[in-house]
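What follows is a short report on a single structure.
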Amino acid sequence: MKMSPKADKILDEISKELAGCRCAISRHDGSLQAEAAPEGVPAACGAMMRAGGVFDSAFAYPSGGRGSDTIAAYVFRMEGVGVLAVVWARGKKFHAVSGAIPSALWDERKMREISGAEFVGLGDARPIVLHPENSHIEKKNRAMKHGKPLGGKGTDYIFEGTGTEGEFQIAVGPVHAGIIEPGHFRFFVSGEGINRMEARLSYMHRGIEEFARGKKMADAFPIIEQVSGDESVANSVAFAQAAEALYGMNVPARAESLRLLLLEEERIYSHLADLGGIATDVGFSAPASQFSALRERMMRLNEKCFGSRFIRGLVAVGGMRQDIPREKVAELRSGIEFFSNSLAEVEELAMSSSTFLDRAFSTGIVRPRTAIELGLVGPGARASGISCDLRRHFPYGAYRHARVNEALGKDGDALSRFTVKLNEVKESARLIGKEISYMQNGPVCAEIPHSPKEGEVAIGMCEAARGGCAMLLKAGKAGTIGSLGIRTASFRNWRALERAVLKNIVADFPLINKSFNLSYAGADL
Amino acid sequence: MNEIHILLRGSKNDEISSASESATIREIAALLEKRPMSPFARSITVRMVDAGSSNDVEIEEGLTGSPQVDCERFGIHFAASPRHADVLLVTGPVTVNMKLALEKTYAAMPSPKAVVAAGDGACTGGPLSGALGVYRSGRVSEVVPVDVEVPGNPPAPYELVLGILKAGQAIAAKKGKA
């Protein structure tokens, strides 16, 4: 990637600022790399933030070789110029950055636990991956599979209240009333209003990142698709892009176009569930049924066009596993046209109901300041007016020529999240139609060249329906995965829910939760 | 018109998308002709527990309630509490962190009861069998006894309906023995 003069200028400024942090700075492939000492991480990250960076994700993985050092990578998005900046550090004892950058708190809690390294000054040292009450099961289980136990102790996980007079707790989950995934929510309530809510997740922790180690990159897609079912394509594309960067491959134009079709189709069926869910949770069943019918129709369209209701098994390293024949593409086009017409009807039904609007308006507000503080991504951030669409700021694949109109809201409430998703679905339908007209014939997969050098690292990003996800991939021996770090949009946005419910009533929680519709599996990995 | 329409004498506009779906529907129709489906006058109440799937099977379960499939016409109803449920529908692979919740949910159900393992993860452990966060092989049968297995990555809504109806049969058989 070639850098624009504007990007060069900003990188110069960052370099100057970082000079004071005793960092080694290098630039390559359109990204800025800063190597910091373990105790110099906060200073280096602070410089990145001041230069206009947005904290995206942080990963930790073993350095390999002798001694068991941990390598920590903090990734920042320079949105104005489309450049990634990474702060690297190596050691056993790091200084935590989450004091200054609150959005990094969950990342650092997780890094501490999975790497075993120490993070000095970490505000919340409770375990996040392993549940201490299950440590005896975990220990036996790991011993059976020859894994090192995470070292959790059999203590209680403590939720702290606000100390308001007359405050009581409501514990919800892990098994919820509906047909959804497990997670625990603890409400601190006085009367009806919520004083504090804390989400305790990781019930779905299967250990995907650890499990992927040593697998062939080209064969890892069935594992990646398990991260989150309705983000199968987006996660696969993010992973494929990281692998392609390691191999130094160029993806054929037709494969890029096909990927766009899959990604946008996935966004449509994924958002339809959220839109229907919001209607269900306000008790407005007529549009809810229509959204549900539309969704089932899209799933059937997926099966007809792509051979899988969840569009699985199509993305490969270097492009696509197989081409989509012309008649299937035509079928997709007519399906999308039908969908656009039906959507207009449902939209009118929902948006003309004053009870629906009244219920969703001003419910579960996320202020722009909170959205920035927590580093939110996806529709959750865009509803508060924060522009963060990777398809626009970091265009990849076919998005380099397909210009995406980013849907932005301004109120940050459940209604804006509803309208943002509605507009995104329409935009996706438009993009699919346009890309089909633009698409060229040609090969769909590049030849896989020599295996990348062991120890090389690449970052792949992709805008999933729930927001941008990032994957850090380190090459192992002979085209295997050395290390894999995954940060999904859900992992970043769960904390927004904790803020959004404050001062709302408990009865509105399902509505607010649905307006985000985050993935538990995607956050827990 | 398909087999279910003939059976239920309805005229729903319900298109069938594939040959396998049509085969599943035929099997459902054959099953529904045999009475009793469950000891509860053709009504089956289901509680579902996601013990570690990638939310794909949950989506398909949600879509059994879509207007096209409409599981309530087969007497299938999803309940919020295990105390109200006849059938436990579990998806997997079962994680270490969900083992306890799964056991407790199963214990809270009244007898006679049956368990359906839905999806490859629940039946065999799936692609993540062997991962460190997954309990043993990840099979649901490692934790609670399984009566019906519905494989698939993930199984389609009609396949889930068929699995639940078979669980109803299993309950009827258990009741006959007792």
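As shown in the structure tokens, the chain order sets the letters A, B, ...; within each chain, residues go from 1, and ligands are also counted from 1 in the order they appear.
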
Run DSSP on the backbone and tell me which residues of stretch 7-104 of chain A come out as helix (DSSP H, G or I); list them as a list in words.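 Of stretch 7-104 of chain A, the ones in helix (DSSP H, G or I) are Ala7, Asp8, Lys9, Ile10, Leu11, Asp12, Glu13, Ile14, Ser15, Lys16, Glu17, Leu18, Ala19, Pro38, Glu39, Gly40, Val41, Pro42, Ala43, Ala44, Cys45, Gly46, Ala47, Met48, Met49, Arg50, Pro102, Ser103 and Ala104 of chain A.
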
Shell of 12 Å around B:Ala107, only C-alpha atoms, local chain residues under 3 positions omitted, as an NGL selection string: :B and (82-83 or 85 or 88 or 100-104 or 110-115 or 143-145)

Exercise: A:Ala360 partners within 8 Å, only C-alpha atoms, chain neighbours under 2 positions left out, as a count of residues only: 10

Distance filter 8 Å, only C-alpha atoms, chain A against chain B, as a short mmCIF file (atom, residue, chain, number, x, y, z; two decimals) with N, CA and C atoms, in the first residue's frame:
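Produced file out.cif, reproduced below:
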data_model
loop_
_atom_site.label_atom_id
_atom_site.label_comp_id
_atom_site.auth_asym_id
_atom_site.auth_seq_id
_atom_site.Cartn_x
_atom_site.Cartn_y
_atom_site.Cartn_z
N LEU A 130 -11.75 -17.43 32.33
CA LEU A 130 -12.12 -18.59 33.14
C LEU A 130 -13.03 -18.15 34.27
N HIS A 131 -14.04 -18.96 34.57
CA HIS A 131 -14.87 -18.67 35.73
C HIS A 131 -14.28 -19.39 36.93
N ASN A 134 -15.49 -22.62 38.23
CA ASN A 134 -15.31 -23.80 37.39
C ASN A 134 -13.85 -24.23 37.30
N ILE A 137 -13.09 -27.92 37.27
CA ILE A 137 -13.44 -28.62 36.02
C ILE A 137 -12.39 -28.30 34.97
N GLU A 138 -12.03 -27.02 34.92
CA GLU A 138 -11.08 -26.57 33.90
C GLU A 138 -9.74 -27.25 34.06
N ASN A 141 -9.97 -30.84 32.93
CA ASN A 141 -10.18 -30.85 31.48
C ASN A 141 -8.87 -30.55 30.75
N ARG A 142 -8.14 -29.56 31.25
CA ARG A 142 -6.89 -29.19 30.59
C ARG A 142 -5.84 -30.27 30.79
N MET A 144 -6.38 -33.39 30.96
CA MET A 144 -6.72 -34.45 30.02
C MET A 144 -6.22 -34.12 28.62
N LYS A 145 -6.26 -32.82 28.28
CA LYS A 145 -5.87 -32.41 26.93
C LYS A 145 -4.45 -31.85 26.89
N GLY A 147 -3.06 -29.29 28.43
CA GLY A 147 -2.94 -27.83 28.36
C GLY A 147 -2.60 -27.29 29.73
N PRO A 174 -26.85 -17.47 33.48
CA PRO A 174 -26.47 -17.54 32.06
C PRO A 174 -27.57 -18.04 31.10
N VAL A 175 -28.47 -18.90 31.56
CA VAL A 175 -29.48 -19.39 30.61
C VAL A 175 -30.62 -18.37 30.58
N HIS A 176 -30.86 -17.77 29.41
CA HIS A 176 -31.87 -16.73 29.30
C HIS A 176 -33.23 -17.31 28.92
N ALA A 177 -34.24 -16.47 29.01
CA ALA A 177 -35.60 -16.92 28.75
C ALA A 177 -35.85 -17.20 27.27
N GLY A 178 -35.18 -16.50 26.40
CA GLY A 178 -35.46 -16.65 24.97
C GLY A 178 -34.57 -17.69 24.32
N ILE A 179 -34.61 -17.70 22.98
CA ILE A 179 -33.75 -18.62 22.24
C ILE A 179 -32.48 -17.86 21.91
N ILE A 180 -31.65 -17.63 22.90
CA ILE A 180 -30.40 -16.92 22.65
C ILE A 180 -29.26 -17.58 23.40
N GLU A 181 -28.09 -16.94 23.29
CA GLU A 181 -26.88 -17.52 23.85
C GLU A 181 -26.78 -17.20 25.34
N PRO A 182 -25.88 -17.86 26.05
CA PRO A 182 -25.77 -17.64 27.48
C PRO A 182 -24.82 -16.51 27.87
N SER A 202 -18.19 -14.96 28.75
CA SER A 202 -17.24 -16.07 28.66
C SER A 202 -17.86 -17.43 28.96
N TYR A 203 -19.18 -17.51 29.07
CA TYR A 203 -19.80 -18.84 29.20
C TYR A 203 -19.57 -19.65 27.93
N MET A 204 -19.37 -18.92 26.82
CA MET A 204 -19.19 -19.60 25.54
C MET A 204 -17.72 -19.77 25.19
N HIS A 205 -16.83 -19.54 26.14
CA HIS A 205 -15.41 -19.62 25.81
C HIS A 205 -15.02 -21.04 25.44
N ARG A 206 -14.64 -21.22 24.19
CA ARG A 206 -14.25 -22.55 23.73
C ARG A 206 -12.75 -22.63 23.49
N GLY A 207 -12.10 -21.48 23.47
CA GLY A 207 -10.65 -21.47 23.27
C GLY A 207 -10.26 -21.53 21.81
N ILE A 208 -10.96 -20.75 20.96
CA ILE A 208 -10.72 -20.82 19.52
C ILE A 208 -9.31 -20.35 19.16
N GLU A 210 -6.55 -20.37 20.87
CA GLU A 210 -5.55 -21.36 21.27
C GLU A 210 -5.63 -22.58 20.34
N PHE A 211 -6.87 -22.97 20.01
CA PHE A 211 -7.10 -24.18 19.22
C PHE A 211 -6.58 -24.03 17.80
N PRO A 222 -13.17 -23.65 8.79
CA PRO A 222 -14.24 -24.21 9.63
C PRO A 222 -14.14 -23.75 11.09
N ILE A 223 -12.91 -23.53 11.56
CA ILE A 223 -12.73 -23.05 12.94
C ILE A 223 -13.12 -21.59 13.04
N GLN A 226 -16.69 -20.76 13.34
CA GLN A 226 -17.32 -21.04 14.63
C GLN A 226 -17.24 -19.86 15.59
N VAL A 227 -16.50 -18.81 15.20
CA VAL A 227 -16.40 -17.65 16.09
C VAL A 227 -17.79 -17.10 16.36
N SER A 228 -18.54 -16.88 15.30
CA SER A 228 -19.90 -16.39 15.45
C SER A 228 -20.64 -16.73 14.16
N GLY A 229 -21.71 -17.50 14.28
CA GLY A 229 -22.38 -18.07 13.10
C GLY A 229 -22.81 -17.04 12.08
N ASP A 230 -23.43 -15.94 12.56
CA ASP A 230 -23.95 -14.98 11.59
C ASP A 230 -22.89 -13.95 11.19
N SER A 289 -43.16 -10.27 12.67
CA SER A 289 -43.39 -11.46 11.84
C SER A 289 -42.92 -11.22 10.42
N SER A 292 -39.24 -11.47 10.29
CA SER A 292 -38.86 -12.87 10.44
C SER A 292 -39.07 -13.63 9.14
N ALA A 293 -40.19 -13.35 8.46
CA ALA A 293 -40.45 -14.01 7.18
C ALA A 293 -39.42 -13.60 6.14
N GLU A 296 -36.12 -15.45 6.87
CA GLU A 296 -36.14 -16.84 6.42
C GLU A 296 -36.01 -16.89 4.90
N ARG A 300 -33.06 -18.75 2.74
CA ARG A 300 -33.32 -19.70 1.64
C ARG A 300 -32.63 -19.23 0.36
N GLU A 303 -29.14 -20.33 0.57
CA GLU A 303 -28.95 -21.74 0.26
C GLU A 303 -29.01 -21.96 -1.24
N LYS A 304 -29.94 -21.28 -1.90
CA LYS A 304 -30.08 -21.44 -3.34
C LYS A 304 -28.84 -20.92 -4.07
N PHE A 310 -25.86 -20.26 5.91
CA PHE A 310 -24.98 -19.30 6.59
C PHE A 310 -23.80 -18.89 5.71
N SER A 519 -23.01 -10.54 19.84
CA SER A 519 -22.80 -11.98 19.84
C SER A 519 -22.03 -12.37 21.10
N ALA A 521 -20.95 -15.58 21.59
CA ALA A 521 -19.91 -16.49 21.12
C ALA A 521 -18.74 -15.70 20.53
N GLY A 522 -19.06 -14.62 19.80
CA GLY A 522 -18.02 -13.82 19.18
C GLY A 522 -17.15 -13.10 20.19
#

Extract, using only C-alpha atoms, all DNA, RNA and protein residues at most 9 Å from stretch 487-497 of chain A, discarding same-chain residues fewer than 2 positions from it, and format them as a ChimeraX atom specification. /A:56-59,103-104,106-107,197-199,227,235,364,366,370-371,374-378,380-381,463-472,485,499-502,512-513,516-524

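Counting only C-alpha atoms, the residue from B:Gly163, B:Gly176, B:Gly168, B:Gly75 that sits nearest to B:Ala118 is B:Gly163.
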
From a DSSP pass on the backbone, collect the residues of stretch 266-477 of chain A flagged as strand (DSSP E) and hand them back as JSON, numbers by chain. {"A": [315, 316, 319, 320, 457, 458, 459, 460, 461, 462, 463, 464, 467, 468, 469, 470, 471, 472, 473, 474, 475]}

What is the atom CA of A:Ser31 to atom CA of A:Ile114 distance in Å?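 So the two atoms, atom CA of A:Ser31 and atom CA of A:Ile114, lie 26.8 Å apart.
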
Could you check how far atom CA of A:Gly46 sits from atom CA of A:Tyr74, in Å to one decimal?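 Calculated distance between atom CA of A:Gly46 and atom CA of A:Tyr74 is 11.2 Å.
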
Considering only C-alpha atoms, return as JSON, numbers by chain whatever protein or nucleic-acid residues lie within 12 Å of B:Arg42, sequence-local ones (same chain, fewer than 3 positions apart) excluded. {"B": [31, 32, 33, 34, 35, 36, 37, 38, 39, 45, 72, 73, 74, 75, 76, 77, 86, 164, 165, 166, 167, 168, 169, 171, 172]}
